[in-house]
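Have a look at entry.pdb below; it lists PDB, C-alpha atoms.
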```pdb
ATOM      1  CA  MET R  19     -18.293  22.731 -14.964
ATOM      2  CA  GLU R  20     -15.036  22.511 -13.031
ATOM      3  CA  ARG R  21     -15.205  23.912  -9.515
ATOM      4  CA  ALA R  22     -12.647  26.434  -8.330
ATOM      5  CA  PRO R  23     -10.480  25.155  -5.483
ATOM      6  CA  LEU R  24     -11.175  26.343  -1.964
ATOM      7  CA  GLY R  25      -8.702  28.819  -0.532
ATOM      8  CA  VAL R  26      -6.900  27.928   2.700
ATOM      9  CA  ALA R  27      -4.482  29.760   4.972
ATOM     10  CA  VAL R  28      -2.186  27.664   7.157
ATOM     11  CA  ILE R  29      -1.372  29.308  10.479
ATOM     12  CA  GLY R  30       1.852  28.041  12.051
ATOM     13  CA  ALA R  31       4.937  26.602  10.367
ATOM     14  CA  GLY R  32       6.425  24.586  13.207
ATOM     15  CA  TYR R  33       6.224  20.785  13.347
ATOM     16  CA  TRP R  34       2.769  20.166  11.820
ATOM     17  CA  GLY R  35       2.175  23.220   9.659
ATOM     18  CA  PRO R  36       4.468  22.121   6.797
ATOM     19  CA  ASN R  37       2.570  18.809   6.573
ATOM     20  CA  LEU R  38      -0.695  20.708   6.215
ATOM     21  CA  VAL R  39       0.764  22.984   3.542
ATOM     22  CA  ARG R  40       2.121  20.020   1.585
ATOM     23  CA  ASN R  41      -1.192  18.136   1.582
ATOM     24  CA  PHE R  42      -3.378  21.153   0.833
ATOM     25  CA  TYR R  43      -0.980  22.177  -1.937
ATOM     26  CA  ALA R  44      -1.143  18.699  -3.525
ATOM     27  CA  SER R  45      -4.965  18.576  -3.430
ATOM     28  CA  GLU R  46      -7.090  19.588  -6.414
ATOM     29  CA  GLU R  47      -9.758  20.673  -3.911
ATOM     30  CA  TRP R  48      -7.561  23.316  -2.294
ATOM     31  CA  SER R  49      -5.395  26.314  -3.104
ATOM     32  CA  VAL R  50      -2.968  27.457  -0.398
ATOM     33  CA  ARG R  51      -3.412  31.223  -0.353
ATOM     34  CA  CYS R  52      -0.969  32.067   2.402
ATOM     35  CA  ILE R  53       1.145  30.834   5.309
ATOM     36  CA  VAL R  54       1.238  32.748   8.578
ATOM     37  CA  GLU R  55       4.277  32.359  10.850
ATOM     38  CA  ARG R  56       6.016  34.861  13.139
ATOM     39  CA  ASP R  57       9.368  33.076  12.888
ATOM     40  CA  ARG R  58      10.864  34.558   9.711
ATOM     41  CA  ARG R  59      13.320  31.695   9.265
ATOM     42  CA  ARG R  60      10.538  29.100   9.268
ATOM     43  CA  LEU R  61       8.328  31.230   7.043
ATOM     44  CA  GLU R  62      11.006  31.822   4.425
ATOM     45  CA  GLY R  63      11.978  28.159   4.495
ATOM     46  CA  LEU R  64       8.437  27.160   3.509
ATOM     47  CA  ARG R  65       8.132  29.937   0.939
ATOM     48  CA  ARG R  66      11.237  28.664  -0.812
ATOM     49  CA  LEU R  67       9.373  25.377  -1.302
ATOM     50  CA  TYR R  68       6.136  27.151  -2.316
ATOM     51  CA  PRO R  69       7.169  30.466  -3.898
ATOM     52  CA  ALA R  70       3.678  31.151  -5.251
ATOM     53  CA  VAL R  71       2.213  31.155  -1.738
ATOM     54  CA  ALA R  72       2.133  34.439   0.167
ATOM     55  CA  GLY R  73       3.727  34.692   3.595
ATOM     56  CA  HIS R  74       2.594  36.801   6.539
ATOM     57  CA  GLU R  75       3.733  37.211  10.133
ATOM     58  CA  GLU R  76       0.267  37.946  11.556
ATOM     59  CA  ILE R  77      -3.114  36.260  11.064
ATOM     60  CA  GLU R  78      -4.995  39.466  10.216
ATOM     61  CA  ALA R  79      -3.900  39.305   6.579
ATOM     62  CA  ALA R  80      -5.406  35.826   6.206
ATOM     63  CA  LEU R  81      -8.626  36.708   8.030
ATOM     64  CA  GLY R  82      -9.159  39.740   5.788
ATOM     65  CA  ASP R  83      -8.433  37.944   2.525
ATOM     66  CA  PRO R  84     -11.697  37.173   0.648
ATOM     67  CA  ARG R  85      -9.915  34.405  -1.275
ATOM     68  CA  VAL R  86      -9.397  32.469   1.974
ATOM     69  CA  ASP R  87     -12.331  30.149   2.661
ATOM     70  CA  ALA R  88     -10.753  28.205   5.517
ATOM     71  CA  ILE R  89      -8.147  28.616   8.227
ATOM     72  CA  ALA R  90      -5.975  25.653   9.293
ATOM     73  CA  LEU R  91      -4.485  26.170  12.746
ATOM     74  CA  ALA R  92      -1.189  24.445  13.516
ATOM     75  CA  THR R  93      -0.298  26.525  16.558
ATOM     76  CA  PRO R  94       0.231  25.610  20.256
ATOM     77  CA  PRO R  95      -2.944  24.357  22.027
ATOM     78  CA  ARG R  96      -3.056  27.400  24.296
ATOM     79  CA  THR R  97      -3.783  29.550  21.208
ATOM     80  CA  HIS R  98      -6.482  27.366  19.637
ATOM     81  CA  HIS R  99      -9.512  28.900  21.329
ATOM     82  CA  GLU R 100      -8.628  32.538  20.657
ATOM     83  CA  LEU R 101      -7.441  32.050  17.076
ATOM     84  CA  ALA R 102     -10.370  29.798  16.142
ATOM     85  CA  ILE R 103     -12.815  32.406  17.472
ATOM     86  CA  ARG R 104     -11.176  35.065  15.316
ATOM     87  CA  ALA R 105     -11.415  32.809  12.266
ATOM     88  CA  ILE R 106     -15.069  31.951  12.938
ATOM     89  CA  ASP R 107     -15.930  35.623  13.481
ATOM     90  CA  ALA R 108     -14.310  36.357  10.106
ATOM     91  CA  GLY R 109     -16.642  33.826   8.466
ATOM     92  CA  LYS R 110     -13.923  31.249   7.799
ATOM     93  CA  HIS R 111     -14.222  27.471   8.107
ATOM     94  CA  VAL R 112     -11.688  26.170  10.620
ATOM     95  CA  LEU R 113      -9.474  23.101  10.917
ATOM     96  CA  VAL R 114      -7.754  22.913  14.317
ATOM     97  CA  GLU R 115      -4.766  20.721  15.117
ATOM     98  CA  LYS R 116      -5.424  18.373  18.033
ATOM     99  CA  PRO R 117      -6.473  19.014  20.728
ATOM    100  CA  LEU R 118      -9.362  21.252  19.721
ATOM    101  CA  ALA R 119      -8.899  23.317  22.898
ATOM    102  CA  GLU R 120      -7.327  23.069  26.342
ATOM    103  CA  THR R 121     -10.666  22.726  28.159
ATOM    104  CA  PHE R 122     -14.023  21.205  27.327
ATOM    105  CA  SER R 123     -15.775  24.523  27.954
ATOM    106  CA  GLU R 124     -13.553  26.194  25.345
ATOM    107  CA  ALA R 125     -14.107  23.335  22.881
ATOM    108  CA  GLU R 126     -17.871  23.486  23.384
ATOM    109  CA  ASP R 127     -17.779  27.257  22.931
ATOM    110  CA  LEU R 128     -16.066  26.833  19.542
ATOM    111  CA  CYS R 129     -18.697  24.304  18.431
ATOM    112  CA  GLU R 130     -21.521  26.645  19.364
ATOM    113  CA  ARG R 131     -19.898  29.658  17.700
ATOM    114  CA  ALA R 132     -19.260  27.711  14.474
ATOM    115  CA  ALA R 133     -22.864  26.492  14.397
ATOM    116  CA  ARG R 134     -24.208  30.041  14.855
ATOM    117  CA  ALA R 135     -21.874  31.390  12.163
ATOM    118  CA  GLY R 136     -22.739  28.624   9.707
ATOM    119  CA  VAL R 137     -19.114  27.550   9.208
ATOM    120  CA  ARG R 138     -17.554  24.100   9.483
ATOM    121  CA  LEU R 139     -15.311  23.306  12.451
ATOM    122  CA  MET R 140     -13.056  20.263  12.202
ATOM    123  CA  THR R 141     -10.409  18.792  14.501
ATOM    124  CA  ASP R 142      -7.239  17.405  12.948
ATOM    125  CA  HIS R 143      -7.330  13.882  14.401
ATOM    126  CA  THR R 144      -5.333  12.546  11.456
ATOM    127  CA  PHE R 145      -5.123   8.941  12.676
ATOM    128  CA  LEU R 146      -8.839   8.468  12.002
ATOM    129  CA  TYR R 147      -8.020   8.674   8.288
ATOM    130  CA  THR R 148      -5.309   6.017   8.279
ATOM    131  CA  GLY R 149      -6.135   2.760   6.516
ATOM    132  CA  SER R 150      -5.386   0.898   9.742
ATOM    133  CA  VAL R 151      -7.967   2.731  11.842
ATOM    134  CA  GLU R 152     -10.476   2.510   9.005
ATOM    135  CA  LYS R 153      -9.968  -1.269   8.991
ATOM    136  CA  LEU R 154     -10.340  -1.575  12.780
ATOM    137  CA  ARG R 155     -13.587   0.416  12.662
ATOM    138  CA  ALA R 156     -14.878  -1.761   9.791
ATOM    139  CA  LEU R 157     -14.012  -4.939  11.706
ATOM    140  CA  ARG R 158     -15.955  -3.697  14.725
ATOM    141  CA  GLU R 159     -18.916  -2.432  12.693
ATOM    142  CA  GLY R 160     -19.088  -5.598  10.578
ATOM    143  CA  GLY R 161     -19.172  -7.841  13.639
ATOM    144  CA  ASP R 162     -15.971  -9.653  12.653
ATOM    145  CA  LEU R 163     -14.530  -9.216  16.147
ATOM    146  CA  GLY R 164     -17.757 -10.117  17.953
ATOM    147  CA  LYS R 165     -18.205  -8.365  21.282
ATOM    148  CA  VAL R 166     -15.161  -6.199  21.986
ATOM    149  CA  TYR R 167     -13.900  -7.209  25.422
ATOM    150  CA  TYR R 168     -11.034  -4.802  25.859
ATOM    151  CA  ILE R 169      -8.484  -2.626  24.037
ATOM    152  CA  ASP R 170      -4.845  -2.228  25.041
ATOM    153  CA  SER R 171      -2.816   0.575  23.442
ATOM    154  CA  VAL R 172       0.830   1.588  23.859
ATOM    155  CA  ARG R 173       2.253   4.866  22.543
ATOM    156  CA  VAL R 174       5.780   5.410  23.875
ATOM    157  CA  ASN R 175       9.069   6.818  22.625
ATOM    158  CA  LEU R 176      12.088   8.823  23.828
ATOM    159  CA  GLY R 177      11.010  12.506  23.735
ATOM    160  CA  LEU R 178      10.144  15.034  22.463
ATOM    161  CA  PHE R 179       9.247  16.809  25.713
ATOM    162  CA  GLN R 180       6.429  19.329  25.216
ATOM    163  CA  GLU R 181       5.461  22.409  27.195
ATOM    164  CA  SER R 182       2.351  20.803  28.741
ATOM    165  CA  ASN R 183       2.517  17.083  29.629
ATOM    166  CA  VAL R 184       2.535  13.651  28.030
ATOM    167  CA  VAL R 185      -1.254  13.336  28.324
ATOM    168  CA  TRP R 186      -2.092  16.421  26.268
ATOM    169  CA  ASP R 187       0.672  15.516  23.819
ATOM    170  CA  LEU R 188      -0.129  11.845  23.139
ATOM    171  CA  ALA R 189      -3.523  10.912  24.632
ATOM    172  CA  PRO R 190      -5.600  12.758  21.982
ATOM    173  CA  HIS R 191      -4.351  10.178  19.469
ATOM    174  CA  ASP R 192      -5.412   7.092  21.398
ATOM    175  CA  VAL R 193      -8.604   8.544  22.863
ATOM    176  CA  SER R 194      -9.760   9.687  19.414
ATOM    177  CA  ILE R 195      -8.857   6.342  17.818
ATOM    178  CA  ILE R 196     -10.637   4.232  20.440
ATOM    179  CA  ASN R 197     -13.679   6.536  20.522
ATOM    180  CA  TYR R 198     -13.911   6.315  16.735
ATOM    181  CA  VAL R 199     -13.436   2.550  16.489
ATOM    182  CA  LEU R 200     -16.069   1.924  19.177
ATOM    183  CA  ASP R 201     -18.267   4.868  18.076
ATOM    184  CA  GLU R 202     -18.886   5.929  21.653
ATOM    185  CA  LEU R 203     -17.475   8.011  24.492
ATOM    186  CA  PRO R 204     -16.309   6.399  27.740
ATOM    187  CA  LEU R 205     -18.554   6.690  30.759
ATOM    188  CA  SER R 206     -15.670   6.971  33.224
ATOM    189  CA  VAL R 207     -11.898   7.148  33.331
ATOM    190  CA  ALA R 208      -8.945   6.732  35.685
ATOM    191  CA  LEU R 209      -5.456   8.135  35.188
ATOM    192  CA  GLN R 210      -2.138   7.544  36.916
ATOM    193  CA  LEU R 211       0.691   9.981  36.152
ATOM    194  CA  GLY R 212       4.427   9.935  36.722
ATOM    195  CA  ALA R 213       6.849  12.864  36.477
ATOM    196  CA  CYS R 214      10.250  11.205  36.251
ATOM    197  CA  VAL R 215      12.469  13.914  34.744
ATOM    198  CA  HIS R 216      10.812  17.136  35.914
ATOM    199  CA  ALA R 217       8.517  17.244  38.934
ATOM    200  CA  LYS R 218       5.972  19.550  37.256
ATOM    201  CA  THR R 219       5.868  17.817  33.865
ATOM    202  CA  PRO R 220       4.262  14.342  33.771
ATOM    203  CA  ASP R 221       6.119  12.195  31.258
ATOM    204  CA  VAL R 222       4.497   8.790  31.778
ATOM    205  CA  ALA R 223       0.786   7.968  32.049
ATOM    206  CA  PHE R 224      -1.538   4.986  32.412
ATOM    207  CA  LEU R 225      -5.095   5.763  31.312
ATOM    208  CA  THR R 226      -8.071   3.416  31.798
ATOM    209  CA  MET R 227     -11.451   4.020  30.157
ATOM    210  CA  TRP R 228     -14.808   2.256  30.681
ATOM    211  CA  TYR R 229     -17.219   2.361  27.709
ATOM    212  CA  PRO R 230     -21.028   1.937  27.599
ATOM    213  CA  SER R 231     -20.699  -1.198  25.445
ATOM    214  CA  GLY R 232     -18.779  -2.905  28.248
ATOM    215  CA  CYS R 233     -15.386  -2.493  26.591
ATOM    216  CA  LEU R 234     -12.467  -1.714  28.891
ATOM    217  CA  ALA R 235      -9.602   0.261  27.322
ATOM    218  CA  HIS R 236      -6.108   0.847  28.676
ATOM    219  CA  VAL R 237      -3.573   3.294  27.230
ATOM    220  CA  HIS R 238       0.115   3.521  28.156
ATOM    221  CA  LEU R 239       1.831   6.811  27.235
ATOM    222  CA  SER R 240       5.448   7.804  27.766
ATOM    223  CA  TRP R 241       8.246  10.085  26.583
ATOM    224  CA  LEU R 242      10.787   7.860  28.359
ATOM    225  CA  SER R 243      10.997   4.639  26.375
ATOM    226  CA  PRO R 244      14.230   3.363  24.770
ATOM    227  CA  VAL R 245      12.186   2.171  21.793
ATOM    228  CA  LYS R 246       9.316   3.628  19.792
ATOM    229  CA  VAL R 247       6.144   1.561  20.199
ATOM    230  CA  ARG R 248       2.795   2.313  18.522
ATOM    231  CA  ARG R 249       0.695  -0.795  19.079
ATOM    232  CA  THR R 250      -3.015  -1.364  19.710
ATOM    233  CA  MET R 251      -4.572  -4.750  20.499
ATOM    234  CA  ILE R 252      -8.319  -5.400  20.375
ATOM    235  CA  SER R 253      -9.684  -8.524  22.050
ATOM    236  CA  GLY R 254     -13.078  -9.690  20.815
ATOM    237  CA  SER R 255     -15.294 -12.683  21.442
ATOM    238  CA  LEU R 256     -14.871 -13.916  17.840
ATOM    239  CA  LYS R 257     -11.511 -12.571  16.702
ATOM    240  CA  MET R 258      -8.653 -10.427  17.914
ATOM    241  CA  ALA R 259      -6.714  -7.728  16.055
ATOM    242  CA  VAL R 260      -3.300  -6.123  16.502
ATOM    243  CA  TRP R 261      -2.291  -2.854  14.853
ATOM    244  CA  ASP R 262       1.434  -2.092  14.836
ATOM    245  CA  ASP R 263       1.887   1.369  13.349
ATOM    246  CA  VAL R 264       5.685   1.089  13.427
ATOM    247  CA  GLU R 265       5.506  -1.880  11.047
ATOM    248  CA  PRO R 266       6.222  -0.461   7.557
ATOM    249  CA  THR R 267       3.920  -2.722   5.516
ATOM    250  CA  GLU R 268       1.808  -5.352   7.308
ATOM    251  CA  LYS R 269       0.264  -3.117   9.956
ATOM    252  CA  ILE R 270      -2.892  -5.112  10.850
ATOM    253  CA  TYR R 271      -2.980  -8.729  12.013
ATOM    254  CA  ILE R 272      -6.323 -10.455  12.608
ATOM    255  CA  TYR R 273      -6.216 -13.584  14.780
ATOM    256  CA  ASP R 274      -8.951 -16.207  14.788
ATOM    257  CA  LYS R 275      -8.259 -17.001  18.436
ATOM    258  CA  GLY R 276     -10.373 -17.186  21.550
ATOM    259  CA  VAL R 277     -11.859 -19.316  24.298
ATOM    260  CA  VAL R 278     -14.649 -21.801  23.543
ATOM    261  CA  LEU R 279     -17.075 -22.100  26.460
ATOM    262  CA  ASP R 280     -19.798 -24.561  27.283
ATOM    263  CA  PRO R 281     -22.723 -22.342  28.384
ATOM    264  CA  SER R 282     -24.546 -25.285  29.996
ATOM    265  CA  SER R 283     -21.903 -25.592  32.735
ATOM    266  CA  THR R 284     -21.961 -23.447  35.839
ATOM    267  CA  SER R 285     -18.333 -22.835  36.812
ATOM    268  CA  LEU R 286     -15.627 -21.200  34.677
ATOM    269  CA  GLN R 287     -13.461 -24.309  34.995
ATOM    270  CA  GLN R 288     -16.234 -26.479  33.564
ATOM    271  CA  GLN R 289     -17.147 -23.947  30.853
ATOM    272  CA  MET R 290     -13.612 -23.531  29.516
ATOM    273  CA  VAL R 291     -13.688 -26.427  27.086
ATOM    274  CA  SER R 292     -10.865 -25.344  24.767
ATOM    275  CA  TYR R 293      -8.992 -22.544  23.107
ATOM    276  CA  ARG R 294      -9.768 -21.670  19.504
ATOM    277  CA  LEU R 295      -6.554 -21.408  17.485
ATOM    278  CA  GLY R 296      -7.498 -20.495  13.938
ATOM    279  CA  ASP R 297      -5.926 -18.713  11.012
ATOM    280  CA  LEU R 298      -3.930 -15.486  10.983
ATOM    281  CA  HIS R 299      -5.105 -12.949   8.397
ATOM    282  CA  VAL R 300      -3.173  -9.883   7.205
ATOM    283  CA  PRO R 301      -5.647  -7.630   5.338
ATOM    284  CA  LEU R 302      -4.848  -5.080   2.669
ATOM    285  CA  ILE R 303      -5.371  -1.531   3.909
ATOM    286  CA  ASP R 304      -5.647   1.839   2.218
ATOM    287  CA  ASN R 305      -2.092   3.224   2.264
ATOM    288  CA  ARG R 306      -2.902   6.720   0.993
ATOM    289  CA  GLU R 307      -1.612   9.511   3.220
ATOM    290  CA  ALA R 308      -4.130  10.118   5.971
ATOM    291  CA  LEU R 309      -3.740  13.896   6.016
ATOM    292  CA  GLY R 310      -4.595  14.078   2.316
ATOM    293  CA  LYS R 311      -7.807  12.146   2.971
ATOM    294  CA  LEU R 312      -8.600  14.457   5.882
ATOM    295  CA  ALA R 313      -8.144  17.516   3.633
ATOM    296  CA  ALA R 314     -10.542  15.991   1.100
ATOM    297  CA  ASP R 315     -13.085  15.288   3.849
ATOM    298  CA  PHE R 316     -12.828  18.895   5.036
ATOM    299  CA  ALA R 317     -13.457  20.147   1.496
ATOM    300  CA  GLY R 318     -16.470  17.851   1.105
ATOM    301  CA  ALA R 319     -17.945  19.136   4.355
ATOM    302  CA  ILE R 320     -17.605  22.737   3.205
ATOM    303  CA  ARG R 321     -18.981  22.156  -0.292
ATOM    304  CA  ASN R 322     -21.713  19.612   0.438
ATOM    305  CA  GLY R 323     -22.455  19.928   4.145
ATOM    306  CA  THR R 324     -21.478  16.304   4.712
ATOM    307  CA  PRO R 325     -20.269  15.284   8.192
ATOM    308  CA  THR R 326     -16.578  14.685   8.813
ATOM    309  CA  ARG R 327     -15.094  11.948  10.989
ATOM    310  CA  SER R 328     -13.568  14.427  13.396
ATOM    311  CA  ASP R 329     -15.831  17.453  13.471
ATOM    312  CA  GLY R 330     -15.869  19.943  16.312
ATOM    313  CA  ARG R 331     -18.197  17.836  18.461
ATOM    314  CA  PHE R 332     -15.956  14.790  18.092
ATOM    315  CA  GLY R 333     -12.900  16.871  19.015
ATOM    316  CA  ALA R 334     -14.739  18.336  21.996
ATOM    317  CA  GLY R 335     -15.526  14.799  23.168
ATOM    318  CA  VAL R 336     -11.837  13.929  23.146
ATOM    319  CA  VAL R 337     -11.053  17.040  25.208
ATOM    320  CA  ARG R 338     -13.825  16.103  27.634
ATOM    321  CA  VAL R 339     -12.297  12.646  28.195
ATOM    322  CA  ILE R 340      -8.805  14.039  28.767
ATOM    323  CA  GLU R 341     -10.106  16.718  31.121
ATOM    324  CA  ALA R 342     -11.878  14.037  33.176
ATOM    325  CA  ALA R 343      -8.707  11.931  33.164
ATOM    326  CA  LEU R 344      -6.666  14.806  34.564
ATOM    327  CA  ARG R 345      -9.277  15.253  37.308
ATOM    328  CA  SER R 346      -8.746  11.595  38.133
ATOM    329  CA  ALA R 347      -4.984  12.133  38.388
ATOM    330  CA  GLU R 348      -5.597  14.951  40.883
ATOM    331  CA  LEU R 349      -7.573  12.400  42.950
ATOM    332  CA  ASP R 350      -4.652   9.927  42.957
ATOM    333  CA  GLY R 351      -6.072   7.936  40.059
ATOM    334  CA  ALA R 352      -9.626   7.543  41.351
ATOM    335  CA  LYS R 353     -12.288   6.526  38.834
ATOM    336  CA  VAL R 354     -14.310   9.578  37.749
ATOM    337  CA  ALA R 355     -17.303  10.086  35.474
ATOM    338  CA  VAL R 356     -16.542  11.734  32.124
ATOM    339  CA  ASP R 357     -19.637  13.957  32.250
ATOM    340  CA  ALA R 358     -19.106  15.064  35.843
TER     341      ALA R 358
END
```
Encoded form (structure tokens):
Amino acid sequence: MERAPLGVAVIGAGYWGPNLVRNFYASEEWSVRCIVERDRRRLEGLRRLYPAVAGHEEIEAALGDPRVDAIALATPPRTHHELAIRAIDAGKHVLVEKPLAETFSEAEDLCERAARAGVRLMTDHTFLYTGSVEKLRALREGGDLGKVYYIDSVRVNLGLFQESNVVWDLAPHDVSIINYVLDELPLSVALQLGACVHAKTPDVAFLTMWYPSGCLAHVHLSWLSPVKVRRTMISGSLKMAVWDDVEPTEKIYIYDKGVVLDPSSTSLQQQMVSYRLGDLHVPLIDNREALGKLAADFAGAIRNGTPTRSDGRFGAGVVRVIEAALRSAELDGAKVAVDA
């Protein structure tokens, strides 16, 4: 017997909302019941593309609609906590655009409320569903990389300036990716910030994270780069990998390179026998749109109770890391514990 699609309401039709509408609309698992947006021009623009979908200016219509099983929030972060609470209280499953909330206490509150209400809470960390991140996680899990020594990630471009700062805008991507690939949260972090254009709006950041496995991760974020760079390098004891997300086709490169040591020697100079210079491998990756895969995962969680890659607890962990990082910045970049 064919299952009826789940009903979803997309709240917000700014930058990300139209992407959510498009992917939910294309999915056999979902039926877009309505779009909520206060800006009439944006709302009517989307309704011209999807004339069968209802449009509303306020969320109450979606919350009171029995055909709506889930709410997808694509609104500014400052609204996430309040709107998600209203959706949970209405008995709706909730997908929240990153970050889950502006503070860890708010994120934790949403997780607890969703658990009590028996609804699924998911954070829209879309990068976790890209073929590239799936491959990096598989390489780490399969032992292909060996022990992961360190990760270096760069996410820079020219603009767009947001209302908060470059950390809240860009860091959720890299923190979520690294946490997912390593399958752990960092123990401590340090953050240096620069506010080059406006004194109260940091636009460049250097984030360092120390993980329980011994991996050291560094993330460079900026709105002030003449070129767009989206590159992550993972250095392992057996192999090394580079992910260049700007590259249109061959996004992952795996290098059979490293240092061969003689463990019987005592000094580093004696141990460093040679460098291993092996083959370069470019693997095939799943090139399906990540947001479509995320929508399918959300549907599976609702129907079958299966866990998602970026559930509420995962999203709360990302917020916790960023909150600790911002505490570090207030202490002039001092190293601080994530759980402090």
*Care to translate the PyMOL selection byres ((chain R and resi 230-240) around 9) into actual residues of this file, as a PyMOL selection string?*
chain R and resi 165-177+184-185+188-189+192-193+196+200+202-205+220-229+241-243+250
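For the pair CA of Gly25 in chain R and CA of Cys52 in chain R, the interatomic distance is 8.9 Å.
Atom to atom, CA of Glu55 in chain R and CA of Val28 in chain R stand 8.8 Å apart.
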*Closest of R:Val277, R:Ala90, R:Ala105, R:Val151 to Asp304 in chain R - atom-to-atom distances counting all atoms listed in the file*: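 Under the stated criterion, the closest residue is R:Val151.
The two atoms in question, CA of Thr93 in chain R and CA of Ala72 in chain R, are spaced 18.4 Å apart.
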What residues come out when you apply the PyMOL selection byres ((chain R and resi 315) around 12) to this file, written as a PDB file with C-alpha atoms, in the frame of the given file?
```
ATOM      1  CA  PHE R  42      -3.378  21.153   0.833  1.00  0.00           C
ATOM      2  CA  SER R  45      -4.965  18.576  -3.430  1.00  0.00           C
ATOM      3  CA  GLU R  47      -9.758  20.673  -3.911  1.00  0.00           C
ATOM      4  CA  TRP R  48      -7.561  23.316  -2.294  1.00  0.00           C
ATOM      5  CA  LEU R 113      -9.474  23.101  10.917  1.00  0.00           C
ATOM      6  CA  ARG R 138     -17.554  24.100   9.483  1.00  0.00           C
ATOM      7  CA  LEU R 139     -15.311  23.306  12.451  1.00  0.00           C
ATOM      8  CA  MET R 140     -13.056  20.263  12.202  1.00  0.00           C
ATOM      9  CA  THR R 141     -10.409  18.792  14.501  1.00  0.00           C
ATOM     10  CA  ASP R 142      -7.239  17.405  12.948  1.00  0.00           C
ATOM     11  CA  THR R 144      -5.333  12.546  11.456  1.00  0.00           C
ATOM     12  CA  LEU R 146      -8.839   8.468  12.002  1.00  0.00           C
ATOM     13  CA  TYR R 147      -8.020   8.674   8.288  1.00  0.00           C
ATOM     14  CA  ALA R 308      -4.130  10.118   5.971  1.00  0.00           C
ATOM     15  CA  LEU R 309      -3.740  13.896   6.016  1.00  0.00           C
ATOM     16  CA  GLY R 310      -4.595  14.078   2.316  1.00  0.00           C
ATOM     17  CA  LYS R 311      -7.807  12.146   2.971  1.00  0.00           C
ATOM     18  CA  LEU R 312      -8.600  14.457   5.882  1.00  0.00           C
ATOM     19  CA  ALA R 313      -8.144  17.516   3.633  1.00  0.00           C
ATOM     20  CA  ALA R 314     -10.542  15.991   1.100  1.00  0.00           C
ATOM     21  CA  PHE R 316     -12.828  18.895   5.036  1.00  0.00           C
ATOM     22  CA  ALA R 317     -13.457  20.147   1.496  1.00  0.00           C
ATOM     23  CA  GLY R 318     -16.470  17.851   1.105  1.00  0.00           C
ATOM     24  CA  ALA R 319     -17.945  19.136   4.355  1.00  0.00           C
ATOM     25  CA  ILE R 320     -17.605  22.737   3.205  1.00  0.00           C
ATOM     26  CA  ARG R 321     -18.981  22.156  -0.292  1.00  0.00           C
ATOM     27  CA  ASN R 322     -21.713  19.612   0.438  1.00  0.00           C
ATOM     28  CA  GLY R 323     -22.455  19.928   4.145  1.00  0.00           C
ATOM     29  CA  THR R 324     -21.478  16.304   4.712  1.00  0.00           C
ATOM     30  CA  PRO R 325     -20.269  15.284   8.192  1.00  0.00           C
ATOM     31  CA  THR R 326     -16.578  14.685   8.813  1.00  0.00           C
ATOM     32  CA  ARG R 327     -15.094  11.948  10.989  1.00  0.00           C
ATOM     33  CA  SER R 328     -13.568  14.427  13.396  1.00  0.00           C
ATOM     34  CA  ASP R 329     -15.831  17.453  13.471  1.00  0.00           C
TER      35      ASP R 329
END
```
